[in-house]
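> Provided below: coords34.cif, containing mmCIF, C-alpha atoms and all ligand atoms.
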```
data_input
#
loop_
_atom_site.label_atom_id
_atom_site.label_comp_id
_atom_site.auth_asym_id
_atom_site.auth_seq_id
_atom_site.Cartn_x
_atom_site.Cartn_y
_atom_site.Cartn_z
CA MET A 244 100.84 -83.63 118.47
CA GLY A 245 101.43 -80.30 120.19
CA ILE A 246 98.36 -79.80 122.39
CA GLY A 247 99.05 -78.37 125.86
CA LYS A 248 97.61 -79.44 129.22
CA ASP A 249 95.04 -76.67 128.81
CA GLY A 250 93.80 -78.24 125.55
CA GLU A 251 95.16 -75.38 123.43
CA ALA A 252 97.46 -75.82 120.42
CA LYS A 253 101.15 -75.16 121.15
CA ALA A 254 104.00 -74.42 118.77
CA GLY A 255 104.54 -77.58 116.71
CA PHE A 256 100.84 -78.49 116.71
CA GLN A 257 99.95 -81.10 114.10
CA ARG A 258 96.54 -82.51 113.28
CA GLY A 259 95.94 -86.26 113.39
CA MET A 260 96.11 -88.19 110.15
CA GLU A 261 93.02 -89.13 108.20
CA LEU A 262 93.48 -92.64 106.84
CA ARG A 263 92.05 -93.07 103.36
CA ALA A 264 93.49 -96.49 102.55
CA LYS A 265 91.33 -98.99 100.69
CA TYR A 266 91.70 -101.25 103.71
CA THR A 267 93.27 -100.52 107.11
CA LEU A 268 94.56 -103.40 109.24
CA VAL A 269 94.47 -102.64 112.97
CA ALA A 270 97.34 -104.30 114.83
CA GLU A 271 97.61 -102.41 118.10
CA GLY A 272 97.89 -105.31 120.56
CA ALA A 273 95.64 -106.31 123.44
CA ARG A 274 92.89 -103.85 124.37
CA GLY A 275 93.83 -101.34 121.73
CA SER A 276 92.11 -97.98 122.00
CA LEU A 277 91.08 -97.95 118.33
CA THR A 278 89.98 -101.58 118.50
CA LYS A 279 87.82 -100.78 121.53
CA GLN A 280 86.00 -98.11 119.51
CA LEU A 281 85.68 -100.34 116.45
CA VAL A 282 84.27 -103.21 118.51
CA ALA A 283 81.67 -100.88 120.06
CA ARG A 284 80.80 -99.04 116.85
CA PHE A 285 80.37 -102.10 114.64
CA GLY A 286 79.18 -104.53 117.35
CA LEU A 287 82.09 -106.84 116.59
CA ASP A 288 81.69 -108.70 119.89
CA GLU A 289 78.03 -109.61 119.38
CA GLY A 290 77.49 -113.31 119.94
CA ARG A 291 81.06 -113.81 121.20
CA ASP A 292 82.28 -114.42 124.74
CA PRO A 293 83.82 -111.44 126.53
CA GLN A 294 87.54 -111.04 125.94
CA LYS A 295 89.63 -112.17 128.91
CA TYR A 296 92.99 -110.75 129.90
CA GLY A 297 96.06 -111.31 132.02
CA LEU A 298 98.56 -108.73 133.19
CA GLY A 299 102.15 -109.76 132.50
CA ILE A 300 104.95 -108.03 134.43
CA LYS A 301 108.50 -108.66 133.31
CA GLU A 302 112.07 -107.79 134.24
CA LEU A 303 115.29 -108.23 132.35
CA TRP A 304 118.35 -109.13 134.44
CA ARG A 305 122.06 -109.65 133.90
CA ILE A 306 123.04 -112.36 136.36
CA ALA A 307 126.30 -113.80 137.68
CA PRO A 308 127.95 -115.94 134.95
CA GLU A 309 128.20 -119.00 137.22
CA ARG A 310 124.38 -118.97 137.62
CA HIS A 311 123.62 -118.60 133.94
CA ARG A 312 122.41 -121.69 132.09
CA PRO A 313 121.89 -120.65 128.45
CA GLY A 314 118.66 -122.00 127.00
CA LEU A 315 117.08 -122.96 130.33
CA VAL A 316 113.32 -122.29 130.36
CA GLN A 317 111.29 -122.43 133.59
CA HIS A 318 107.54 -122.04 133.91
CA SER A 319 105.28 -122.25 136.94
CA PHE A 320 101.70 -121.57 137.92
CA GLY A 321 100.09 -120.86 141.26
CA TRP A 322 102.29 -119.54 144.07
CA PRO A 323 102.25 -116.89 145.37
CA LEU A 324 98.67 -116.69 144.08
CA ASP A 325 96.02 -118.69 145.89
CA ASN A 326 94.21 -121.56 144.21
CA ARG A 327 91.28 -119.36 143.11
CA THR A 328 93.46 -116.80 141.32
CA GLY A 329 94.93 -117.75 137.97
CA GLY A 330 98.44 -116.94 136.86
CA GLY A 331 101.98 -118.14 136.52
CA SER A 332 105.56 -117.32 135.75
CA PHE A 333 108.28 -117.61 133.14
CA LEU A 334 112.06 -117.42 133.43
CA TYR A 335 114.33 -117.69 130.41
CA HIS A 336 118.17 -117.76 130.37
CA TYR A 337 119.59 -116.38 127.14
CA GLY A 338 122.21 -114.13 125.55
CA ASP A 339 125.04 -112.53 127.49
CA ASN A 340 124.20 -113.75 131.02
CA LEU A 341 120.67 -112.42 130.56
CA VAL A 342 117.54 -113.67 132.26
CA ALA A 343 113.98 -112.59 131.42
CA VAL A 344 111.70 -113.23 134.39
CA GLY A 345 108.03 -112.42 134.61
CA PHE A 346 104.67 -113.20 136.15
CA VAL A 347 101.19 -113.12 134.62
CA VAL A 348 98.10 -112.59 136.80
CA HIS A 349 94.74 -113.37 135.23
CA LEU A 350 92.65 -110.22 135.47
CA ASN A 351 89.49 -112.02 136.50
CA TYR A 352 90.80 -112.07 140.07
CA ALA A 353 88.13 -111.27 142.66
CA ASN A 354 90.03 -109.64 145.50
CA PRO A 355 90.56 -105.89 144.92
CA HIS A 356 93.34 -105.95 147.55
CA LEU A 357 95.51 -108.04 145.21
CA SER A 358 98.50 -106.29 143.68
CA PRO A 359 99.93 -108.07 140.63
CA PHE A 360 103.11 -106.01 141.06
CA ALA A 361 103.56 -107.14 144.69
CA THR A 362 102.75 -110.71 143.63
CA PHE A 363 105.59 -110.61 141.11
CA GLN A 364 108.00 -109.18 143.68
CA GLN A 365 107.01 -111.92 146.13
CA PHE A 366 107.47 -114.55 143.43
CA LYS A 367 111.12 -113.51 143.10
CA THR A 368 111.69 -114.33 146.79
CA HIS A 369 111.18 -118.04 146.07
CA PRO A 370 114.56 -119.78 146.58
CA ALA A 371 114.47 -121.22 143.04
CA ILE A 372 114.17 -117.71 141.59
CA GLY A 373 115.97 -115.56 144.15
CA SER A 374 119.06 -117.77 143.97
CA VAL A 375 119.28 -117.10 140.22
CA LEU A 376 118.84 -113.33 140.50
CA ASP A 377 120.74 -112.54 143.69
CA GLY A 378 123.88 -110.53 142.99
CA GLY A 379 122.67 -109.71 139.48
CA GLU A 380 121.58 -106.40 138.03
CA ARG A 381 118.06 -105.54 136.98
CA LEU A 382 118.30 -103.88 133.58
CA SER A 383 114.73 -103.21 132.61
CA TYR A 384 111.09 -103.49 133.66
CA GLY A 385 107.81 -103.58 131.78
CA ALA A 386 104.18 -104.63 131.94
CA ARG A 387 101.50 -105.41 129.39
CA ALA A 388 98.03 -106.91 129.32
CA ILE A 389 97.67 -109.96 127.12
CA THR A 390 94.50 -111.54 125.75
CA GLU A 391 93.40 -114.87 127.21
CA GLY A 392 89.91 -115.41 125.81
CA GLY A 393 91.02 -117.37 122.76
CA TRP A 394 88.65 -119.17 120.37
CA GLN A 395 85.38 -118.15 122.07
CA SER A 396 86.31 -114.49 122.48
CA VAL A 397 87.71 -113.55 119.09
CA PRO A 398 85.42 -110.76 117.82
CA LYS A 399 84.20 -110.45 114.27
CA LEU A 400 87.44 -109.44 112.58
CA VAL A 401 86.14 -107.27 109.76
CA PHE A 402 84.35 -103.97 109.38
CA PRO A 403 83.87 -101.70 106.37
CA GLY A 404 87.35 -100.83 105.11
CA GLY A 405 89.41 -102.73 107.64
CA ALA A 406 90.18 -105.72 109.81
CA LEU A 407 91.72 -106.71 113.13
CA VAL A 408 94.90 -108.78 113.27
CA GLY A 409 97.19 -110.11 116.00
CA CYS A 410 96.41 -109.41 119.63
CA ALA A 411 93.89 -106.74 118.63
CA ALA A 412 91.90 -109.81 117.55
CA GLY A 413 92.98 -111.87 120.58
CA PHE A 414 94.90 -114.81 119.11
CA VAL A 415 97.02 -115.74 122.18
CA ASN A 416 97.24 -119.45 122.93
CA VAL A 417 97.10 -119.44 126.76
CA PRO A 418 98.65 -122.85 127.55
CA ARG A 419 101.48 -122.18 125.10
CA ILE A 420 101.88 -118.63 126.58
CA LYS A 421 102.35 -117.52 123.03
CA GLY A 422 100.64 -115.25 120.53
CA SER A 423 103.32 -113.95 118.19
CA HIS A 424 102.99 -116.98 115.89
CA ASN A 425 99.27 -116.33 115.38
CA ALA A 426 99.83 -112.58 115.11
CA ILE A 427 102.15 -113.18 112.16
CA LEU A 428 99.81 -115.74 110.60
CA SER A 429 96.81 -113.40 110.94
CA GLY A 430 98.75 -110.58 109.29
CA MET A 431 99.59 -112.93 106.40
CA LEU A 432 96.02 -114.18 106.13
CA ALA A 433 94.56 -110.67 106.20
CA ALA A 434 97.15 -109.50 103.64
CA ASP A 435 96.17 -112.32 101.28
CA HIS A 436 92.54 -111.26 101.43
CA VAL A 437 93.35 -107.55 101.08
CA ALA A 438 95.52 -108.32 98.04
CA ALA A 439 92.74 -110.38 96.45
CA ALA A 440 90.16 -107.68 97.13
CA VAL A 441 92.33 -104.87 95.75
CA ALA A 442 93.17 -106.99 92.67
CA ALA A 443 89.43 -107.41 92.14
CA GLY A 444 88.99 -103.62 92.22
CA ARG A 445 87.29 -103.55 95.61
CA ALA A 446 87.82 -100.98 98.38
CA HIS A 447 86.31 -99.91 101.74
CA ASP A 448 84.06 -102.96 102.06
CA GLU A 449 84.14 -105.90 104.48
CA LEU A 450 86.79 -108.57 103.96
CA ALA A 451 84.24 -111.26 104.66
CA ASP A 452 86.51 -114.00 103.32
CA TYR A 453 89.14 -113.20 105.97
CA GLU A 454 86.50 -113.54 108.69
CA ALA A 455 85.32 -116.81 107.15
CA ALA A 456 88.84 -118.21 106.77
CA TRP A 457 90.59 -117.88 110.15
CA ARG A 458 88.82 -120.66 112.07
CA ASP A 459 89.91 -123.24 109.47
CA SER A 460 93.39 -121.74 109.17
CA PRO A 461 96.45 -122.70 111.26
CA ILE A 462 95.31 -120.02 113.76
CA GLY A 463 91.99 -121.74 114.35
CA ARG A 464 93.63 -125.16 114.46
CA ASP A 465 95.99 -123.82 117.13
CA LEU A 466 93.31 -122.17 119.29
CA LYS A 467 90.38 -124.57 119.09
CA PRO A 468 91.91 -127.55 120.96
CA VAL A 469 92.91 -125.34 123.90
CA ARG A 470 89.65 -123.37 124.13
CA ASN A 471 88.56 -124.85 127.47
CA VAL A 472 91.81 -124.43 129.38
CA LYS A 473 91.09 -120.90 130.54
CA PRO A 474 87.39 -121.39 131.46
CA LEU A 475 88.20 -124.58 133.38
CA TRP A 476 91.03 -122.81 135.22
CA SER A 477 88.68 -119.94 136.13
CA LYS A 478 85.86 -122.25 137.24
CA PHE A 479 87.75 -124.91 139.21
CA GLY A 480 90.88 -123.06 140.38
CA THR A 481 94.49 -123.78 139.60
CA ILE A 482 94.91 -127.35 140.83
CA ALA A 483 91.74 -128.99 139.48
CA GLY A 484 91.22 -126.53 136.62
CA VAL A 485 94.67 -126.92 135.10
CA ALA A 486 94.44 -130.72 135.40
CA LEU A 487 91.02 -130.79 133.71
CA GLY A 488 92.14 -128.28 131.11
CA GLY A 489 95.19 -130.39 130.31
CA LEU A 490 93.07 -133.51 129.93
CA ASP A 491 90.55 -131.75 127.69
CA MET A 492 93.33 -130.20 125.62
CA TRP A 493 95.02 -133.53 124.93
CA LEU A 494 91.70 -135.26 124.15
CA ASN A 495 90.96 -132.47 121.68
CA THR A 496 94.16 -133.21 119.83
CA ILE A 497 92.70 -136.64 118.99
CA GLY A 498 89.30 -135.19 118.11
CA LEU A 499 87.50 -135.80 121.42
CA SER A 500 86.11 -133.18 123.78
CA LEU A 501 84.78 -133.68 127.29
CA PHE A 502 83.14 -130.30 127.54
CA GLY A 503 82.30 -128.99 124.07
CA THR A 504 83.06 -125.28 124.10
CA LEU A 505 82.83 -123.73 127.57
CA LYS A 506 81.89 -120.11 128.11
CA HIS A 507 84.06 -117.56 129.87
CA GLY A 508 81.18 -115.93 131.72
CA LYS A 509 81.79 -112.44 133.07
CA PRO A 510 84.23 -109.88 131.72
CA ASP A 511 87.23 -109.41 134.02
CA HIS A 512 86.11 -106.13 135.58
CA ALA A 513 82.85 -107.73 136.71
CA ALA A 514 84.72 -110.43 138.65
CA THR A 515 85.99 -107.91 141.22
CA LYS A 516 84.28 -108.16 144.61
CA PRO A 517 83.69 -105.28 147.05
CA ALA A 518 86.65 -104.65 149.33
CA ALA A 519 84.62 -105.39 152.47
CA ALA A 520 83.84 -108.91 151.20
CA THR A 521 87.49 -109.89 150.70
CA ARG A 522 90.60 -110.36 152.84
CA THR A 523 93.34 -107.76 152.89
CA ILE A 524 96.76 -108.78 151.55
CA GLU A 525 99.96 -107.47 153.16
CA ALA A 526 102.83 -106.76 150.77
CA ALA A 527 106.41 -107.19 152.03
CA SER A 528 108.82 -104.26 151.79
CA PRO A 529 111.24 -104.47 148.84
CA ASP A 530 114.85 -105.32 149.65
CA GLY A 531 116.40 -103.39 146.75
CA ARG A 532 118.36 -106.51 145.68
CA THR A 533 115.84 -108.80 144.05
CA THR A 534 112.61 -106.99 144.96
CA PHE A 535 111.80 -103.38 144.21
CA ASP A 536 109.15 -100.70 144.54
CA ARG A 537 107.05 -99.37 141.69
CA LEU A 538 108.78 -96.06 141.15
CA SER A 539 112.28 -97.51 140.80
CA SER A 540 110.73 -100.01 138.38
CA VAL A 541 109.17 -97.26 136.27
CA PHE A 542 112.60 -95.63 136.15
CA VAL A 543 114.17 -98.66 134.48
CA ALA A 544 111.21 -98.91 132.07
CA GLY A 545 112.64 -95.79 130.41
CA VAL A 546 109.24 -94.07 130.44
CA SER A 547 109.14 -90.69 128.77
CA HIS A 548 106.07 -88.55 128.11
CA GLU A 549 105.75 -84.91 127.14
CA GLU A 550 104.62 -83.28 130.41
CA ASP A 551 102.60 -80.48 128.83
CA GLN A 552 99.79 -82.47 127.22
CA PRO A 553 96.25 -83.47 128.25
CA PRO A 554 96.26 -86.63 130.41
CA HIS A 555 95.96 -89.77 128.31
CA LEU A 556 93.97 -91.56 131.02
CA HIS A 557 90.36 -90.40 130.94
CA VAL A 558 88.12 -90.92 133.95
CA ARG A 559 84.61 -90.59 132.56
CA ASP A 560 82.82 -89.80 135.84
CA MET A 561 84.93 -88.70 138.81
CA ALA A 562 81.96 -88.86 141.22
CA LEU A 563 81.44 -92.51 140.32
CA GLN A 564 85.15 -93.18 140.83
CA LYS A 565 84.88 -91.87 144.39
CA ALA A 566 81.52 -93.49 145.19
CA SER A 567 82.35 -96.90 143.75
CA GLU A 568 86.01 -97.46 142.88
CA HIS A 569 87.12 -95.94 146.20
CA ASP A 570 84.22 -96.39 148.60
CA VAL A 571 83.04 -99.85 147.48
CA TYR A 572 86.11 -101.49 145.94
CA GLY A 573 88.78 -99.84 148.12
CA GLY A 574 90.66 -98.14 145.26
CA PRO A 575 92.04 -101.17 143.36
CA SER A 576 93.63 -98.96 140.69
CA ALA A 577 96.35 -98.07 143.20
CA LEU A 578 97.17 -101.79 143.33
CA TYR A 579 96.51 -103.20 139.84
CA CYS A 580 98.43 -100.43 138.07
CA PRO A 581 102.03 -101.69 137.83
CA ALA A 582 103.39 -98.16 137.47
CA GLY A 583 101.91 -96.29 140.44
CA VAL A 584 99.82 -94.04 138.22
CA TYR A 585 96.69 -93.92 140.38
CA GLU A 586 96.60 -92.69 143.98
CA TRP A 587 93.81 -91.67 146.30
CA VAL A 588 95.35 -88.76 148.21
CA GLY A 589 94.03 -87.03 151.35
CA GLU A 590 90.94 -87.96 153.29
CA GLY A 591 87.40 -86.81 154.00
CA GLU A 592 86.47 -83.71 152.02
CA SER A 593 90.02 -83.34 150.69
CA LEU A 594 90.16 -86.85 149.18
CA ARG A 595 91.14 -86.66 145.52
CA TYR A 596 92.10 -89.05 142.74
CA GLN A 597 95.63 -88.29 141.61
CA ILE A 598 96.68 -89.58 138.19
CA ASN A 599 100.44 -89.61 137.61
CA ALA A 600 99.98 -90.12 133.88
CA THR A 601 103.66 -89.65 133.04
CA ASN A 602 104.49 -92.93 134.87
CA CYS A 603 102.22 -94.99 132.61
CA VAL A 604 103.85 -98.01 130.95
CA HIS A 605 100.85 -98.50 128.61
CA CYS A 606 99.84 -101.92 129.91
CA LYS A 607 96.08 -101.13 129.47
CA THR A 608 95.09 -102.80 132.75
CA CYS A 609 93.13 -99.79 134.03
CA ASP A 610 91.04 -99.79 130.85
CA ILE A 611 90.26 -103.48 131.46
CA LYS A 612 90.00 -103.87 135.24
CA ASP A 613 88.31 -100.69 136.48
CA PRO A 614 85.20 -102.14 138.14
CA ASN A 615 82.87 -99.66 136.43
CA GLN A 616 84.66 -99.38 133.08
CA ASN A 617 85.09 -95.75 133.97
CA ILE A 618 88.66 -95.33 132.67
CA ASP A 619 89.62 -94.99 129.01
CA TRP A 620 93.27 -95.27 127.99
CA VAL A 621 94.00 -93.18 124.89
CA PRO A 622 97.36 -92.71 123.18
CA PRO A 623 99.53 -89.92 124.57
CA GLU A 624 101.31 -87.51 122.27
CA GLY A 625 103.38 -89.09 119.50
CA GLY A 626 105.59 -91.90 120.64
CA GLY A 627 105.63 -91.12 124.37
CA GLY A 628 105.70 -94.09 126.73
CA PRO A 629 108.07 -96.81 127.90
CA ASN A 630 111.27 -97.48 126.00
CA TYR A 631 111.69 -101.22 126.35
CA ARG A 632 115.35 -101.76 125.47
CA GLY A 633 116.07 -105.45 125.11
CA MET A 634 112.70 -106.47 126.45
S1 LIG B 701 97.81 -96.20 134.00
FE1 LIG B 701 96.75 -97.97 133.16
S2 LIG B 701 97.84 -98.44 131.25
FE2 LIG B 701 99.16 -97.07 132.45
S3 LIG B 701 100.52 -98.44 133.58
FE3 LIG B 701 98.77 -97.99 134.93
S4 LIG B 701 97.28 -99.62 134.57
FE4 LIG B 701 98.79 -99.68 132.88
#
```
I need this file expressed as structure tokens, please.

Amino acid sequence: MGIGKDGEAKAGFQRGMELRAKYTLVAEGARGSLTKQLVARFGLDEGRDPQKYGLGIKELWRIAPERHRPGLVQHSFGWPLDNRTGGGSFLYHYGDNLVAVGFVVHLNYANPHLSPFATFQQFKTHPAIGSVLDGGERLSYGARAITEGGWQSVPKLVFPGGALVGCAAGFVNVPRIKGSHNAILSGMLAADHVAAAVAAGRAHDELADYEAAWRDSPIGRDLKPVRNVKPLWSKFGTIAGVALGGLDMWLNTIGLSLFGTLKHGKPDHAATKPAAATRTIEAASPDGRTTFDRLSSVFVAGVSHEEDQPPHLHVRDMALQKASEHDVYGGPSALYCPAGVYEWVGEGESLRYQINATNCVHCKTCDIKDPNQNIDWVPPEGGGGPNYRGM
């Protein structure tokens, strides 16, 4: 707290806390910045598949009462994505004429011209969605990466003096589009093992029993049968992949498996192809009724950051960003970021990478999808970020 843009302490400066707990449970969601360091430092991902991710973009609407059908749940996959790009939608009617609508794009997409934000806006133009939203009011907007690697990608959960729980560990069940149940269960399981260790007088060591227990716990029993859905979807595309994944999933529930345990292959950033090898994608202009631009969306995300602080988005090597992210991949950060944080401004000698860090909605996509892993997301000053009311 209290460090200025120039890196100097301001009035109100406070040092970070030093955690001296016997055990520290890390529960910071998908692609957490502490988890990333722990995984690297303790080699927690050795022998595991790379973690896979999707970017979920969501809006909260209040719609016309005559269009509201309390309890109605709609899901889709595919359109407007092509068959080779994974993703799908959700739309829930609930509460006081409220609708939560969103779209998830799997971040192993190949085409750097793809904009998940524009894909979501286009999705809302479908008659089945637009007819629900038209005449309503958009109340809020948000975006967040979710884990999709599942069973094969869960890292070693324990390290000296701590453990990963929830989406920091990657317990989302992709076909159920759900992870909160396993997040809660993993917190309970880790707590049981912490309590037993503390009762036995232990501290600061590895909770090896927690690591040994999760695959035979309800979390493992939830994730194992669906472990091939994501790799099959990635390998065979939406139509064939989802059908095969569904078949394998249901056979697994009766103890049979067609494929064993399939691998995920490359991490998501490595799936991106050079811009010149892919087709460009035109995005339609927003109509301001059901479709919107990024900046008006950031406004309703309630984002607030202290302006006078060092940027919380660290580009390790700016020359590499120009030579590769811009020159080879066509600047995909300007498209994958759902908050308009990254812009290549100017041209020729004056070309520069502008980072509008105060727009950031903390989705972590840049940390995941930058083709060279050249961007590190770190927490901004205390509590800054989106304020997701009702989301
Ligand atoms: S800067 Fe990164 S973390 Fe922030 S909104 Fe954009 S992609 Fe997400």
> Mind pulling up the distance from CA of Leu450 (chain A) to CA of Val401 (chain A)?
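Computed distance, CA of Val401 (chain A) to CA of Leu450 (chain A), equals 6.0 Å.
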> Set the cut-off to 10 Å, count all atoms listed in the file, and list whatever residues fall near ligand LIG 701 (chain B) as a ChimeraX atom specification.
/A:298,385-388,541,555-557,576-585,598-613,618-622,628-629
> Given the selection you just returned, output its residues as a file containing C-alpha atoms, formatted as a short mmCIF file (atom, residue, chain, number, x, y, z; two decimals), in the coordinates of the input.

```cif
data_model
loop_
_atom_site.label_atom_id
_atom_site.label_comp_id
_atom_site.auth_asym_id
_atom_site.auth_seq_id
_atom_site.Cartn_x
_atom_site.Cartn_y
_atom_site.Cartn_z
CA LEU A 298 98.56 -108.73 133.19
CA GLY A 385 107.81 -103.58 131.78
CA ALA A 386 104.18 -104.63 131.94
CA ARG A 387 101.50 -105.41 129.39
CA ALA A 388 98.03 -106.91 129.32
CA VAL A 541 109.17 -97.26 136.27
CA HIS A 555 95.96 -89.77 128.31
CA LEU A 556 93.97 -91.56 131.02
CA HIS A 557 90.36 -90.40 130.94
CA SER A 576 93.63 -98.96 140.69
CA ALA A 577 96.35 -98.07 143.20
CA LEU A 578 97.17 -101.79 143.33
CA TYR A 579 96.51 -103.20 139.84
CA CYS A 580 98.43 -100.43 138.07
CA PRO A 581 102.03 -101.69 137.83
CA ALA A 582 103.39 -98.16 137.47
CA GLY A 583 101.91 -96.29 140.44
CA VAL A 584 99.82 -94.04 138.22
CA TYR A 585 96.69 -93.92 140.38
CA ILE A 598 96.68 -89.58 138.19
CA ASN A 599 100.44 -89.61 137.61
CA ALA A 600 99.98 -90.12 133.88
CA THR A 601 103.66 -89.65 133.04
CA ASN A 602 104.49 -92.93 134.87
CA CYS A 603 102.22 -94.99 132.61
CA VAL A 604 103.85 -98.01 130.95
CA HIS A 605 100.85 -98.50 128.61
CA CYS A 606 99.84 -101.92 129.91
CA LYS A 607 96.08 -101.13 129.47
CA THR A 608 95.09 -102.80 132.75
CA CYS A 609 93.13 -99.79 134.03
CA ASP A 610 91.04 -99.79 130.85
CA ILE A 611 90.26 -103.48 131.46
CA LYS A 612 90.00 -103.87 135.24
CA ASP A 613 88.31 -100.69 136.48
CA ILE A 618 88.66 -95.33 132.67
CA ASP A 619 89.62 -94.99 129.01
CA TRP A 620 93.27 -95.27 127.99
CA VAL A 621 94.00 -93.18 124.89
CA PRO A 622 97.36 -92.71 123.18
CA GLY A 628 105.70 -94.09 126.73
CA PRO A 629 108.07 -96.81 127.90
#
```
> As a ChimeraX atom specification, please: the residues near Phe256 (chain A) (cut-off 12 Å, all atoms listed in the file, same-chain neighbours under 4 positions excluded).
/A:244-247,250-252,552,624-625
> What does the distance between CA of His548 (chain A) and CA of Tyr596 (chain A) come to in Å, to one decimal place?
20.2 Å
> Give the padded box for region 253-266 of chain A as lines of an AutoDock Vina configuration file: axis-aligned, covering all atoms listed in the file, 6 Å on each side, centre and edge lengths in Å to one decimal.

```
center_x = 97.9
center_y = -87.8
center_z = 110.9
size_x = 25.2
size_y = 38.8
size_z = 32.5
```
> Which of these, A:Thr390, A:Pro529, A:Gly627, A:His318, has the shortest distance to Ala371 (chain A) once you count only C-alpha atoms?
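So, comparing all the options, the nearest one is A:His318.
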> My list of candidates is A:Leu324, A:Val437, A:Ile389, A:Leu334. Which is closest to Arg274 (chain A) when distances are computed with only C-alpha atoms?
A:Ile389
> With only C-alpha atoms as the basis for distance, which of A:Leu466, A:Leu432, A:Ala446, A:Ile482 is at the shortest distance from Val417 (chain A)?
A:Leu466
> Which one of A:Thr534, A:Ser423, A:Thr267, A:Asn471 sits closest to Gly405 (chain A) if you count only C-alpha atoms?
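Selected residue with least distance to Gly405 (chain A): A:Thr267.
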> Neighbours of region 347-355 of chain A within 6 Å (only C-alpha atoms; same-chain residues fewer than 2 positions away dropped), as JSON, numbers by chain?
{"A": [296, 297, 298, 299, 328, 329, 330, 331, 357, 511, 514, 515, 516, 521, 575]}
> What is the distance, in Å and to one decimal place, between CA of Ile462 (chain A) and CA of Ala434 (chain A)?
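That distance, rounded to one decimal, is 14.7 Å.
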> So, counting only C-alpha atoms, which residue among A:Leu315, A:Val269, A:Leu501, A:Val342 is closest to Gly489 (chain A)?
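Smallest separation from Gly489 (chain A) among the options: A:Leu501.
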> Kindly indicate which residue among A:Thr523, A:Gln317, A:Ser528, A:Gln364 lies nearest to Ala343 (chain A), using all atoms listed in the file for the distances.
A:Gln317
> Using all atoms listed in the file, what residues lie at most 12 Å away from (90.0, -133.1, 124.0) (file coordinates), given as a PyMOL selection string?
chain A and resi 467-472+487-504
> Would you tabulate, counting all atoms listed in the file, all residues of region 510-605 of chain A that have an atom at most 12 Å from an atom of region 614-617 of chain A, showing the closest pair of atoms and their distance in Å to one decimal, sorted by chain then ascending number, as JSON lines?

```
{"residue": "A:Pro510", "atom": "CA", "partner": "A:Pro614", "partner_atom": "CA", "distance": 10.1}
{"residue": "A:Asp511", "atom": "CA", "partner": "A:Pro614", "partner_atom": "CA", "distance": 8.6}
{"residue": "A:His512", "atom": "CA", "partner": "A:Pro614", "partner_atom": "CA", "distance": 4.8}
{"residue": "A:Ala513", "atom": "CA", "partner": "A:Pro614", "partner_atom": "CA", "distance": 6.2}
{"residue": "A:Ala514", "atom": "CA", "partner": "A:Pro614", "partner_atom": "CA", "distance": 8.3}
{"residue": "A:Thr515", "atom": "CA", "partner": "A:Pro614", "partner_atom": "CA", "distance": 6.6}
{"residue": "A:Lys516", "atom": "CA", "partner": "A:Pro614", "partner_atom": "CA", "distance": 8.9}
{"residue": "A:Pro517", "atom": "CA", "partner": "A:Pro614", "partner_atom": "CA", "distance": 9.6}
{"residue": "A:Ala518", "atom": "CA", "partner": "A:Pro614", "partner_atom": "CA", "distance": 11.6}
{"residue": "A:Leu556", "atom": "CA", "partner": "A:Asn617", "partner_atom": "CA", "distance": 10.3}
{"residue": "A:His557", "atom": "CA", "partner": "A:Asn617", "partner_atom": "CA", "distance": 8.1}
{"residue": "A:Val558", "atom": "CA", "partner": "A:Asn617", "partner_atom": "CA", "distance": 5.7}
{"residue": "A:Arg559", "atom": "CA", "partner": "A:Asn617", "partner_atom": "CA", "distance": 5.4}
{"residue": "A:Asp560", "atom": "CA", "partner": "A:Asn617", "partner_atom": "CA", "distance": 6.6}
{"residue": "A:Met561", "atom": "CA", "partner": "A:Asn617", "partner_atom": "CA", "distance": 8.6}
{"residue": "A:Ala562", "atom": "CA", "partner": "A:Asn617", "partner_atom": "CA", "distance": 10.5}
{"residue": "A:Leu563", "atom": "CA", "partner": "A:Asn617", "partner_atom": "CA", "distance": 8.0}
{"residue": "A:Gln564", "atom": "CA", "partner": "A:Asn617", "partner_atom": "CA", "distance": 7.3}
{"residue": "A:Lys565", "atom": "CA", "partner": "A:Asn617", "partner_atom": "CA", "distance": 11.1}
{"residue": "A:Ala566", "atom": "CA", "partner": "A:Asn615", "partner_atom": "CA", "distance": 10.8}
{"residue": "A:Ser567", "atom": "CA", "partner": "A:Asn615", "partner_atom": "CA", "distance": 7.8}
{"residue": "A:Glu568", "atom": "CA", "partner": "A:Pro614", "partner_atom": "CA", "distance": 6.7}
{"residue": "A:His569", "atom": "CA", "partner": "A:Pro614", "partner_atom": "CA", "distance": 10.3}
{"residue": "A:Asp570", "atom": "CA", "partner": "A:Pro614", "partner_atom": "CA", "distance": 12.0}
{"residue": "A:Val571", "atom": "CA", "partner": "A:Pro614", "partner_atom": "CA", "distance": 9.9}
{"residue": "A:Tyr572", "atom": "CA", "partner": "A:Pro614", "partner_atom": "CA", "distance": 7.9}
{"residue": "A:Gly573", "atom": "CA", "partner": "A:Pro614", "partner_atom": "CA", "distance": 10.8}
{"residue": "A:Gly574", "atom": "CA", "partner": "A:Pro614", "partner_atom": "CA", "distance": 9.8}
{"residue": "A:Pro575", "atom": "CA", "partner": "A:Pro614", "partner_atom": "CA", "distance": 8.7}
{"residue": "A:Ser576", "atom": "CA", "partner": "A:Pro614", "partner_atom": "CA", "distance": 9.4}
{"residue": "A:Tyr579", "atom": "CA", "partner": "A:Pro614", "partner_atom": "CA", "distance": 11.5}
```
> Would you mind listing what lies within 12 Å of Ala307 (chain A) as a list in words, with all atoms listed in the file counted and same-chain residues fewer than 3 positions away left out?
Trp304, Arg310, His311, Arg312, His336, Asp339, Asn340, Leu341, Val342, Ser374, Val375, Leu376, Asp377, Gly378, Gly379, Glu380 and Arg381 of chain A
